[in-house]
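Engineer: This is the content of run-v4.csv (CSV, C-alpha atoms and all ligand atoms):
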chain,number,residue,atom,x,y,z
A,13,MET,CA,0.0,0.0,0.0
A,14,GLU,CA,1.2,3.5,-0.8
A,15,VAL,CA,-0.3,6.8,0.3
A,16,LYS,CA,1.0,10.0,-1.3
A,17,LEU,CA,-0.1,13.5,-0.3
A,18,ILE,CA,-0.8,15.2,-3.6
A,19,SER,CA,-2.1,18.6,-2.5
A,20,TYR,CA,-3.6,20.5,0.4
A,21,SER,CA,-5.3,23.9,1.0
A,22,GLN,CA,-3.0,26.8,1.4
A,23,PRO,CA,-3.8,30.5,1.9
A,24,VAL,CA,-3.2,32.7,-1.2
A,25,ASN,CA,-2.4,35.9,0.7
A,26,SER,CA,0.0,34.8,3.4
A,27,ASP,CA,3.3,36.2,4.6
A,28,GLY,CA,4.8,32.7,4.9
A,29,ASP,CA,2.3,30.8,7.0
A,30,LYS,CA,1.5,27.9,4.7
A,31,ASN,CA,-0.1,25.8,7.4
A,32,PRO,CA,-3.6,24.9,6.2
A,33,LEU,CA,-4.9,25.5,9.7
A,34,SER,CA,-4.3,29.2,9.1
A,35,ILE,CA,-7.3,29.1,6.7
A,36,ALA,CA,-9.6,27.6,9.4
A,37,GLU,CA,-8.2,30.3,11.8
A,38,LEU,CA,-9.3,33.0,9.3
A,39,ALA,CA,-12.7,31.5,8.9
A,40,ALA,CA,-13.2,31.1,12.6
A,41,SER,CA,-12.1,34.7,13.3
A,42,VAL,CA,-15.0,35.9,11.0
A,43,CYS,CA,-17.5,34.2,13.4
A,44,TYR,CA,-16.2,36.3,16.4
A,45,ASP,CA,-15.1,39.4,14.5
A,46,SER,CA,-11.7,38.9,16.1
A,47,GLU,CA,-8.1,39.0,14.8
A,48,PRO,CA,-6.7,35.6,13.6
A,49,THR,CA,-3.7,34.5,15.7
A,50,ASP,CA,-0.5,32.7,14.6
A,51,THR,CA,-1.0,30.1,17.3
A,52,TYR,CA,-4.4,29.1,15.8
A,53,ARG,CA,-6.0,29.9,19.2
A,54,ILE,CA,-9.5,30.5,17.7
A,55,VAL,CA,-9.7,27.4,15.6
A,56,LYS,CA,-8.3,25.3,18.5
A,57,GLY,CA,-11.1,26.7,20.7
A,58,CYS,CA,-13.7,25.9,18.0
A,59,LYS,CA,-12.4,22.3,17.8
A,60,ALA,CA,-12.5,22.0,21.6
A,61,THR,CA,-16.1,23.2,21.8
A,62,GLY,CA,-17.4,21.1,18.9
A,63,HIS,CA,-17.6,24.0,16.4
A,64,ARG,CA,-16.0,21.8,13.8
A,65,SER,CA,-17.5,23.2,10.6
A,66,VAL,CA,-14.6,25.7,10.4
A,67,LEU,CA,-12.3,22.8,9.7
A,68,GLU,CA,-14.3,22.0,6.5
A,69,HIS,CA,-12.5,24.9,4.7
A,70,ILE,CA,-9.3,22.8,4.6
A,71,SER,CA,-8.9,19.8,2.4
A,72,PHE,CA,-6.2,17.3,1.5
A,73,THR,CA,-5.9,15.1,-1.6
A,74,PHE,CA,-4.1,11.7,-1.5
A,75,GLU,CA,-3.2,9.2,-4.1
A,76,VAL,CA,-3.7,5.7,-2.7
A,77,SER,CA,-2.5,2.6,-4.5
A,78,GLY,CA,-2.1,-1.1,-3.7
A,79,VAL,CA,-5.3,-1.3,-1.6
A,80,SER,CA,-8.1,-3.8,-2.1
A,81,ARG,CA,-11.6,-3.2,-3.4
A,82,ALA,CA,-12.7,-4.4,0.1
A,83,LEU,CA,-11.0,-1.3,1.5
A,84,LEU,CA,-12.7,0.8,-1.2
A,85,ALA,CA,-16.1,-0.5,-0.1
A,86,GLN,CA,-15.4,0.7,3.5
A,87,LEU,CA,-13.8,4.0,2.5
A,88,SER,CA,-16.7,4.9,0.1
A,89,ARG,CA,-19.2,4.7,3.0
A,90,HIS,CA,-17.9,8.0,4.2
A,91,ARG,CA,-20.3,10.5,2.5
A,92,HIS,CA,-18.2,13.7,2.8
A,93,ILE,CA,-15.2,12.6,0.7
A,94,SER,CA,-14.5,12.8,-3.0
A,95,LEU,CA,-13.2,9.8,-4.9
A,96,SER,CA,-11.8,9.0,-8.3
A,97,VAL,CA,-11.2,5.3,-8.6
A,98,GLN,CA,-9.5,3.1,-11.3
A,99,SER,CA,-12.2,1.7,-13.5
A,100,GLN,CA,-12.7,-2.0,-13.9
A,101,ARG,CA,-14.5,-1.2,-17.1
A,102,TYR,CA,-11.9,0.8,-19.0
A,103,VAL,CA,-8.9,-0.9,-17.4
A,104,SER,CA,-8.4,-4.6,-17.9
A,105,MET,CA,-7.8,-6.7,-14.8
A,106,ASP,CA,-5.8,-9.4,-16.5
A,107,ASN,CA,-3.2,-10.7,-14.0
A,108,PHE,CA,-4.6,-8.3,-11.4
A,109,ASP,CA,-2.6,-7.5,-8.2
A,110,TYR,CA,-4.3,-8.4,-4.9
A,111,VAL,CA,-4.0,-7.8,-1.2
A,112,ASN,CA,-3.2,-11.1,0.6
A,113,PRO,CA,-4.4,-10.8,4.2
A,114,PHE,CA,-2.9,-14.1,5.3
A,115,ASN,CA,0.6,-15.5,6.3
A,116,GLY,CA,2.5,-18.7,5.8
A,117,GLU,CA,0.6,-21.7,4.4
A,118,ASP,CA,-2.7,-19.8,4.5
A,119,ALA,CA,-1.2,-17.2,2.2
A,120,ASP,CA,-0.2,-19.9,-0.2
A,121,VAL,CA,-3.7,-21.3,-0.3
A,122,PHE,CA,-5.0,-17.8,-0.9
A,123,ASN,CA,-2.5,-17.2,-3.7
A,124,ASN,CA,-3.9,-20.3,-5.4
A,125,MET,CA,-7.4,-19.0,-5.1
A,126,MET,CA,-6.4,-15.7,-6.7
A,127,ALA,CA,-4.8,-17.6,-9.6
A,128,ASP,CA,-8.1,-19.4,-10.1
A,129,ALA,CA,-10.0,-16.1,-10.1
A,130,ALA,CA,-7.6,-14.6,-12.6
A,131,ASN,CA,-8.0,-17.7,-14.8
A,132,ASN,CA,-11.8,-17.5,-14.6
A,133,TYR,CA,-11.6,-13.8,-15.6
A,134,ARG,CA,-9.4,-14.8,-18.6
A,135,ILE,CA,-11.8,-17.6,-19.6
A,136,LEU,CA,-14.8,-15.2,-19.6
A,137,LYS,CA,-12.9,-12.7,-21.8
A,138,GLU,CA,-11.2,-15.1,-24.2
A,139,TYR,CA,-13.8,-17.8,-24.7
A,140,HIS,CA,-17.1,-16.0,-23.9
A,141,ASN,CA,-16.3,-12.6,-25.4
A,142,ALA,CA,-17.1,-10.9,-22.1
A,143,ALA,CA,-16.5,-7.2,-21.7
A,144,ASN,CA,-14.3,-6.0,-18.8
A,145,GLU,CA,-17.3,-4.7,-17.0
A,146,ASN,CA,-19.1,-8.1,-17.1
A,147,ALA,CA,-16.0,-10.3,-16.6
A,148,ARG,CA,-15.2,-8.3,-13.4
A,149,ALA,CA,-18.1,-10.1,-11.6
A,150,VAL,CA,-15.6,-12.9,-10.9
A,151,LEU,CA,-12.9,-10.6,-9.4
A,152,PRO,CA,-12.3,-10.9,-5.7
A,153,ASN,CA,-12.6,-8.2,-3.0
A,154,ALA,CA,-8.9,-8.6,-2.6
A,155,CYS,CA,-8.3,-7.2,-6.1
A,156,CYS,CA,-6.0,-4.1,-6.0
A,157,THR,CA,-7.2,-0.7,-6.9
A,158,LYS,CA,-5.8,2.8,-7.2
A,159,LEU,CA,-7.6,6.0,-6.2
A,160,TYR,CA,-7.5,9.7,-5.5
A,161,VAL,CA,-9.4,10.8,-2.4
A,162,THR,CA,-10.0,14.3,-1.1
A,163,ILE,CA,-11.0,14.7,2.5
A,164,ASN,CA,-11.6,17.8,4.5
A,165,ALA,CA,-10.0,18.3,7.9
A,166,ARG,CA,-13.2,17.7,9.8
A,167,SER,CA,-13.8,14.4,8.1
A,168,LEU,CA,-10.1,13.4,8.6
A,169,ILE,CA,-10.7,13.8,12.3
A,170,GLU,CA,-14.0,12.0,12.4
A,171,MET,CA,-13.0,9.2,10.1
A,172,SER,CA,-9.8,8.7,12.2
A,173,HIS,CA,-12.0,8.2,15.2
A,174,LEU,CA,-13.5,5.2,13.5
A,175,ARG,CA,-10.7,3.9,11.3
A,176,LEU,CA,-7.7,4.3,13.8
A,177,CYS,CA,-9.5,2.2,16.4
A,178,THR,CA,-7.5,-0.9,17.3
A,179,ARG,CA,-10.6,-2.9,16.4
A,180,ALA,CA,-10.9,-1.4,12.9
A,181,GLN,CA,-10.1,-3.7,10.0
A,182,GLY,CA,-6.4,-3.9,9.5
A,183,GLU,CA,-6.0,-2.6,6.0
A,184,ILE,CA,-8.1,0.5,6.3
A,185,ARG,CA,-6.4,1.2,9.7
A,186,SER,CA,-3.0,1.0,8.0
A,187,MET,CA,-4.2,3.4,5.3
A,188,PHE,CA,-5.3,5.9,7.9
A,189,GLN,CA,-2.0,5.6,9.8
A,190,LEU,CA,-0.3,6.5,6.5
A,191,ILE,CA,-2.7,9.3,5.8
A,192,LYS,CA,-2.1,10.7,9.3
A,193,SER,CA,1.7,10.6,8.9
A,194,GLN,CA,1.4,12.5,5.6
A,195,VAL,CA,-0.9,15.1,7.2
A,196,ALA,CA,1.7,15.4,10.0
A,197,THR,CA,4.3,16.7,7.5
A,198,VAL,CA,2.3,19.8,6.7
A,199,CYS,CA,-0.2,20.2,9.6
A,200,PRO,CA,1.0,18.6,12.8
A,201,GLU,CA,-1.8,20.2,14.8
A,202,LEU,CA,-4.4,18.4,12.7
A,203,ALA,CA,-2.5,15.1,12.8
A,204,ALA,CA,-2.6,15.3,16.6
A,205,TRP,CA,-6.4,15.4,16.4
A,206,MET,CA,-6.4,12.3,14.2
A,207,VAL,CA,-6.9,9.7,16.9
A,208,PRO,CA,-9.2,6.8,17.6
A,209,SER,CA,-12.5,7.8,19.2
A,210,CYS,CA,-11.3,6.5,22.7
A,211,GLU,CA,-8.7,9.4,22.6
A,212,ALA,CA,-10.9,12.1,21.1
A,213,ASN,CA,-10.8,13.8,24.5
A,214,PRO,CA,-7.2,13.2,25.6
A,215,LYS,CA,-7.9,14.1,29.2
A,216,TYR,CA,-10.7,11.7,29.6
A,217,PRO,CA,-10.0,8.6,27.4
A,218,PHE,CA,-12.7,5.9,27.3
A,219,CYS,CA,-13.6,3.1,25.0
A,220,PRO,CA,-17.1,3.3,23.3
A,221,GLU,CA,-16.7,-0.2,21.9
A,222,GLY,CA,-18.6,-2.2,24.6
A,223,ASN,CA,-17.6,-5.9,24.6
A,224,ARG,CA,-15.2,-5.4,21.7
A,225,CYS,CA,-13.0,-3.2,23.9
A,226,CYS,CA,-9.2,-3.8,23.2
A,227,GLY,CA,-8.3,-2.8,26.7
A,228,ARG,CA,-6.3,0.3,25.7
A,229,HIS,CA,-8.7,2.5,27.7
A,230,PRO,CA,-11.5,1.6,30.2
A,231,LYS,CA,-15.1,1.4,29.0
A,232,LEU,CA,-17.4,4.2,30.1
A,233,ALA,CA,-19.5,1.8,32.1
A,234,ASP,CA,-16.4,0.7,34.0
A,235,ILE,CA,-15.5,4.3,34.8
A,236,TYR,CA,-19.0,5.0,36.1
A,237,LYS,CA,-18.8,1.9,38.3
A,238,THR,CA,-15.6,3.3,39.9
A,239,VAL,CA,-17.3,6.7,40.4
A,240,GLU,CA,-20.3,5.1,42.0
A,241,LYS,CA,-18.3,3.0,44.5
B,1,LIG,C1,-16.1,-1.0,13.0
B,1,LIG,C2,-17.1,-0.7,11.9
B,1,LIG,C3,-18.0,-1.7,11.5
B,1,LIG,C4,-18.9,-1.5,10.4
B,1,LIG,N1,-19.8,-2.4,10.0
B,1,LIG,C5,-20.7,-2.2,9.1
B,1,LIG,C6,-21.6,-3.2,8.7
B,1,LIG,O1,-21.6,-4.3,9.2
B,1,LIG,N2,-22.5,-2.9,7.7
B,1,LIG,C7,-22.6,-1.6,7.2
B,1,LIG,O2,-23.4,-1.4,6.3
B,1,LIG,N3,-21.7,-0.7,7.5
B,1,LIG,C8,-20.8,-0.9,8.5
B,1,LIG,N4,-19.9,0.1,8.8
B,1,LIG,C9,-19.9,1.4,8.1
B,1,LIG,C10,-20.7,2.4,9.0
B,1,LIG,O3,-22.0,2.0,9.2
B,1,LIG,C11,-20.7,3.8,8.3
B,1,LIG,O4,-21.3,3.7,7.0
B,1,LIG,C12,-19.3,4.3,8.0
B,1,LIG,O5,-18.4,4.1,9.2
B,1,LIG,C13,-19.3,5.8,7.7
B,1,LIG,O6,-19.5,6.5,8.8
B,1,LIG,P1,-20.7,7.5,9.1
B,1,LIG,O7,-22.0,7.0,8.5
B,1,LIG,O8,-20.7,7.8,10.6
B,1,LIG,O9,-20.3,8.8,8.5
B,1,LIG,P2,-19.9,9.6,7.2
B,1,LIG,O10,-20.7,9.2,6.0
B,1,LIG,O11,-18.4,9.7,7.1
B,1,LIG,O12,-20.5,11.0,7.7
B,1,LIG,C14,-19.9,11.7,8.8
B,1,LIG,C15,-21.1,12.1,9.7
B,1,LIG,O13,-22.0,13.0,9.0
B,1,LIG,C16,-23.3,12.8,9.5
B,1,LIG,N5,-24.1,12.3,8.4
B,1,LIG,C17,-23.7,11.9,7.1
B,1,LIG,N6,-24.8,11.6,6.4
B,1,LIG,C18,-25.9,11.7,7.2
B,1,LIG,C19,-27.3,11.5,7.0
B,1,LIG,N7,-27.8,11.1,5.8
B,1,LIG,N8,-28.1,11.8,8.0
B,1,LIG,C20,-27.6,12.2,9.1
B,1,LIG,N9,-26.3,12.5,9.4
B,1,LIG,C21,-25.5,12.2,8.5
B,1,LIG,C22,-23.2,11.8,10.6
B,1,LIG,O14,-23.1,12.5,11.8
B,1,LIG,C23,-21.9,11.0,10.3
B,1,LIG,O15,-21.3,10.4,11.4
B,1,LIG,C24,-18.9,-0.2,9.8
B,1,LIG,C25,-18.0,0.8,10.2
B,1,LIG,C26,-17.1,0.5,11.2
B,1,LIG,C27,-16.2,1.6,11.7
Please re-express this file's structure in structure tokens.
Structural biologist:
Amino acid sequence: MEVKLISYSQPVNSDGDKNPLSIAELAASVCYDSEPTDTYRIVKGCKATGHRSVLEHISFTFEVSGVSRALLAQLSRHRHISLSVQSQRYVSMDNFDYVNPFNGEDADVFNNMMADAANNYRILKEYHNAANENARAVLPNACCTKLYVTINARSLIEMSHLRLCTRAQGEIRSMFQLIKSQVATVCPELAAWMVPSCEANPKYPFCPEGNRCCGRHPKLADIYKTVEK
């Protein structure tokens, strides 16, 4: 899997501060008729109080490759992102790459299964004159894809709450870890807010996962039990 930061919002009229957070600071300062600060005090206050719409003025575009169509199915459930995805109609999937989620002997078995799927795809196209868009029906969820995704800062935070959770599916969690590290290179303040939901409020961490809790932080019910004692 590879994640590249392609572009991000930057202010046009700036004396050097290219941090995208300065745009949200400008937007937030309009709300209170106040002077924007170079410490992003206003936007940090907005984030802390839940006035998160100011963060929607900043967006980041990533090129993501070597991920599975299964990951795409999960990513595309988020309704505030913009996606451009490699077509399985215009691009032939002959000898497709795939993501193998297994190790050792299990990985070998999986590799054989992928070879069968590639062969079935070839048979449909060569012997049954199937078009790419119909032959793709036999392609597996593991089949690799390539995409561009644009996500605003608010969604980056909220999606991280779900997708950086220890219990999130491994591949999308890895992708979000890479996205976070790319964001950190240009906007460390935003990257610091990209945490699993249990750490959304760093002073009072708790797990909202119920019985699926990984044990990293106590469940809310357990905290209340302690308080009630
Ligand atoms: C661990 C895990 C397991 C999952 N399992 C399943 C599963 O088994 N089956 C399944 O179908 N999905 C599953 N999902 C996907 C999940 O249901 C969501 O579709 C996905 O996480 C996108 O998040 P979202 O809907 O909160 O928000 P987004 O689409 O990212 O939107 C962000 C926020 O905007 C608001 N919003 C967006 N659209 C609306 C709207 N129409 N009305 C009101 N508010 C809106 C909500 O506050 C929402 O939280 C799973 C997700 C996770 C993280």
Engineer: Tell me which of A:Ser88, A:Gln194, A:Ser41, A:Ser46 sits closest to ligand LIG 1 (chain B), counting all atoms listed in the file.
Structural biologist: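 Going through A:Ser88, A:Gln194, A:Ser41, A:Ser46 one by one, the smallest distance to ligand LIG 1 (chain B) is for A:Ser88.
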Engineer: Report the closest atom pair, with its distance in Å rounded to one decimal, for each residue of chain A that has an atom no farther than 9 Å from ligand LIG 1 (chain B); count only C-alpha atoms and all ligand atoms, sort by chain and then rising residue number, and write it as a tab-separated table.
Structural biologist:
residue	atom	partner	partner_atom	distance
A:Gln86	CA	B:LIG1	C9	6.5
A:Leu87	CA	B:LIG1	C13	7.8
A:Ser88	CA	B:LIG1	C13	8.1
A:Arg89	CA	B:LIG1	O4	4.6
A:His90	CA	B:LIG1	O11	3.4
A:Arg91	CA	B:LIG1	O10	3.8
A:His92	CA	B:LIG1	O11	5.9
A:Ile93	CA	B:LIG1	O11	7.7
A:Ser167	CA	B:LIG1	O11	6.7
A:Glu170	CA	B:LIG1	C14	6.9
A:Met171	CA	B:LIG1	O11	6.2
A:His173	CA	B:LIG1	C27	8.6
A:Leu174	CA	B:LIG1	C27	4.8
A:Arg175	CA	B:LIG1	C27	6.0
A:Cys177	CA	B:LIG1	C1	8.1
A:Arg179	CA	B:LIG1	C1	6.7
A:Ala180	CA	B:LIG1	C1	5.2
A:Gln181	CA	B:LIG1	C1	7.2
A:Glu221	CA	B:LIG1	C1	9.0
Engineer: Using only C-alpha atoms, which protein or nucleic acid residues come within 7 Å of Ser71 of chain A? Drop anything in the same chain fewer than 3 positions from it, and give the result as an NGL selection string.
Structural biologist: :A and (20-21 or 162-165)
Engineer: Export, as a PDB file, in the coordinates of the input, the selected residues with C-alpha atoms.
Structural biologist:
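What follows is the written file selection_25.pdb:
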ATOM      1  CA  TYR A  20      -3.600  20.500   0.400  1.00  0.00           C
ATOM      2  CA  SER A  21      -5.300  23.900   1.000  1.00  0.00           C
ATOM      3  CA  THR A 162     -10.000  14.300  -1.100  1.00  0.00           C
ATOM      4  CA  ILE A 163     -11.000  14.700   2.500  1.00  0.00           C
ATOM      5  CA  ASN A 164     -11.600  17.800   4.500  1.00  0.00           C
ATOM      6  CA  ALA A 165     -10.000  18.300   7.900  1.00  0.00           C
TER       7      ALA A 165
END
Engineer: What is the distance between atom CA of Pro23 of chain A and atom CA of Glu75 of chain A, in Å to one decimal?
Structural biologist: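 So the answer is 22.1 Å.
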Engineer: Between atom CA of Phe218 of chain A and atom CA of Leu67 of chain A, measure the distance and give it in Å to one decimal.
Structural biologist: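 Interatomic distance here is 24.4 Å.
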Engineer: Out of A:Phe188, A:Tyr52, A:Tyr236, A:Phe108, which residue has the shortest atom-to-atom distance to Leu168 of chain A when counting only C-alpha atoms?
Structural biologist: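 Ranking A:Phe188, A:Tyr52, A:Tyr236, A:Phe108 by distance to Leu168 of chain A, first place goes to A:Phe188.
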Engineer: List as a list in words the protein and nucleic acid residues near Pro200 of chain A, meaning an atom at most 12 Å away when only C-alpha atoms are counted, but skip any in the same chain fewer than 5 places from it.
Structural biologist: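 That gives Asn31, Pro32, Leu33, Lys192, Ser193, Gln194, Val195, Trp205 and Met206 of chain A.
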Engineer: Which of these residues is nearest to Ala196 of chain A, using all atoms listed in the file: A:Cys58, A:Asn223, A:Phe72, A:Leu232?
Structural biologist: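 Among the listed residues, the smallest separation from Ala196 of chain A belongs to A:Phe72.
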Engineer: Would you mind telling me which residue in A:Ile70, A:Val76, A:Met105, A:Ala233 lies nearest to Leu190 of chain A when using all atoms listed in the file?
Structural biologist: A:Val76
Engineer: When you draw a straight line from atom CA of Arg166 of chain A to atom CA of Thr51 of chain A, how long is it in Å?
Structural biologist: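 Rounded to one decimal, the two atoms are 18.9 Å apart.
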Engineer: If you count all atoms listed in the file, which residues fall within 12 Å of Tyr216 of chain A, apart from same-chain ones fewer than 3 positions away, as a short mmCIF file (atom, residue, chain, number, x, y, z; two decimals) with C-alpha atoms, keeping the file's coordinate frame?
Structural biologist:
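In the end it all went to out.cif:
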data_model
loop_
_atom_site.label_atom_id
_atom_site.label_comp_id
_atom_site.auth_asym_id
_atom_site.auth_seq_id
_atom_site.Cartn_x
_atom_site.Cartn_y
_atom_site.Cartn_z
CA SER A 209 -12.50 7.80 19.20
CA CYS A 210 -11.30 6.50 22.70
CA GLU A 211 -8.70 9.40 22.60
CA ALA A 212 -10.90 12.10 21.10
CA ASN A 213 -10.80 13.80 24.50
CA CYS A 219 -13.60 3.10 25.00
CA HIS A 229 -8.70 2.50 27.70
CA PRO A 230 -11.50 1.60 30.20
CA LYS A 231 -15.10 1.40 29.00
CA LEU A 232 -17.40 4.20 30.10
CA ILE A 235 -15.50 4.30 34.80
#
Engineer: Measuring atom to atom with only C-alpha atoms, identify which of A:Leu84, A:Ala36, A:Val198, A:Cys156 is nearest to Ser65 of chain A.
Structural biologist: A:Ala36
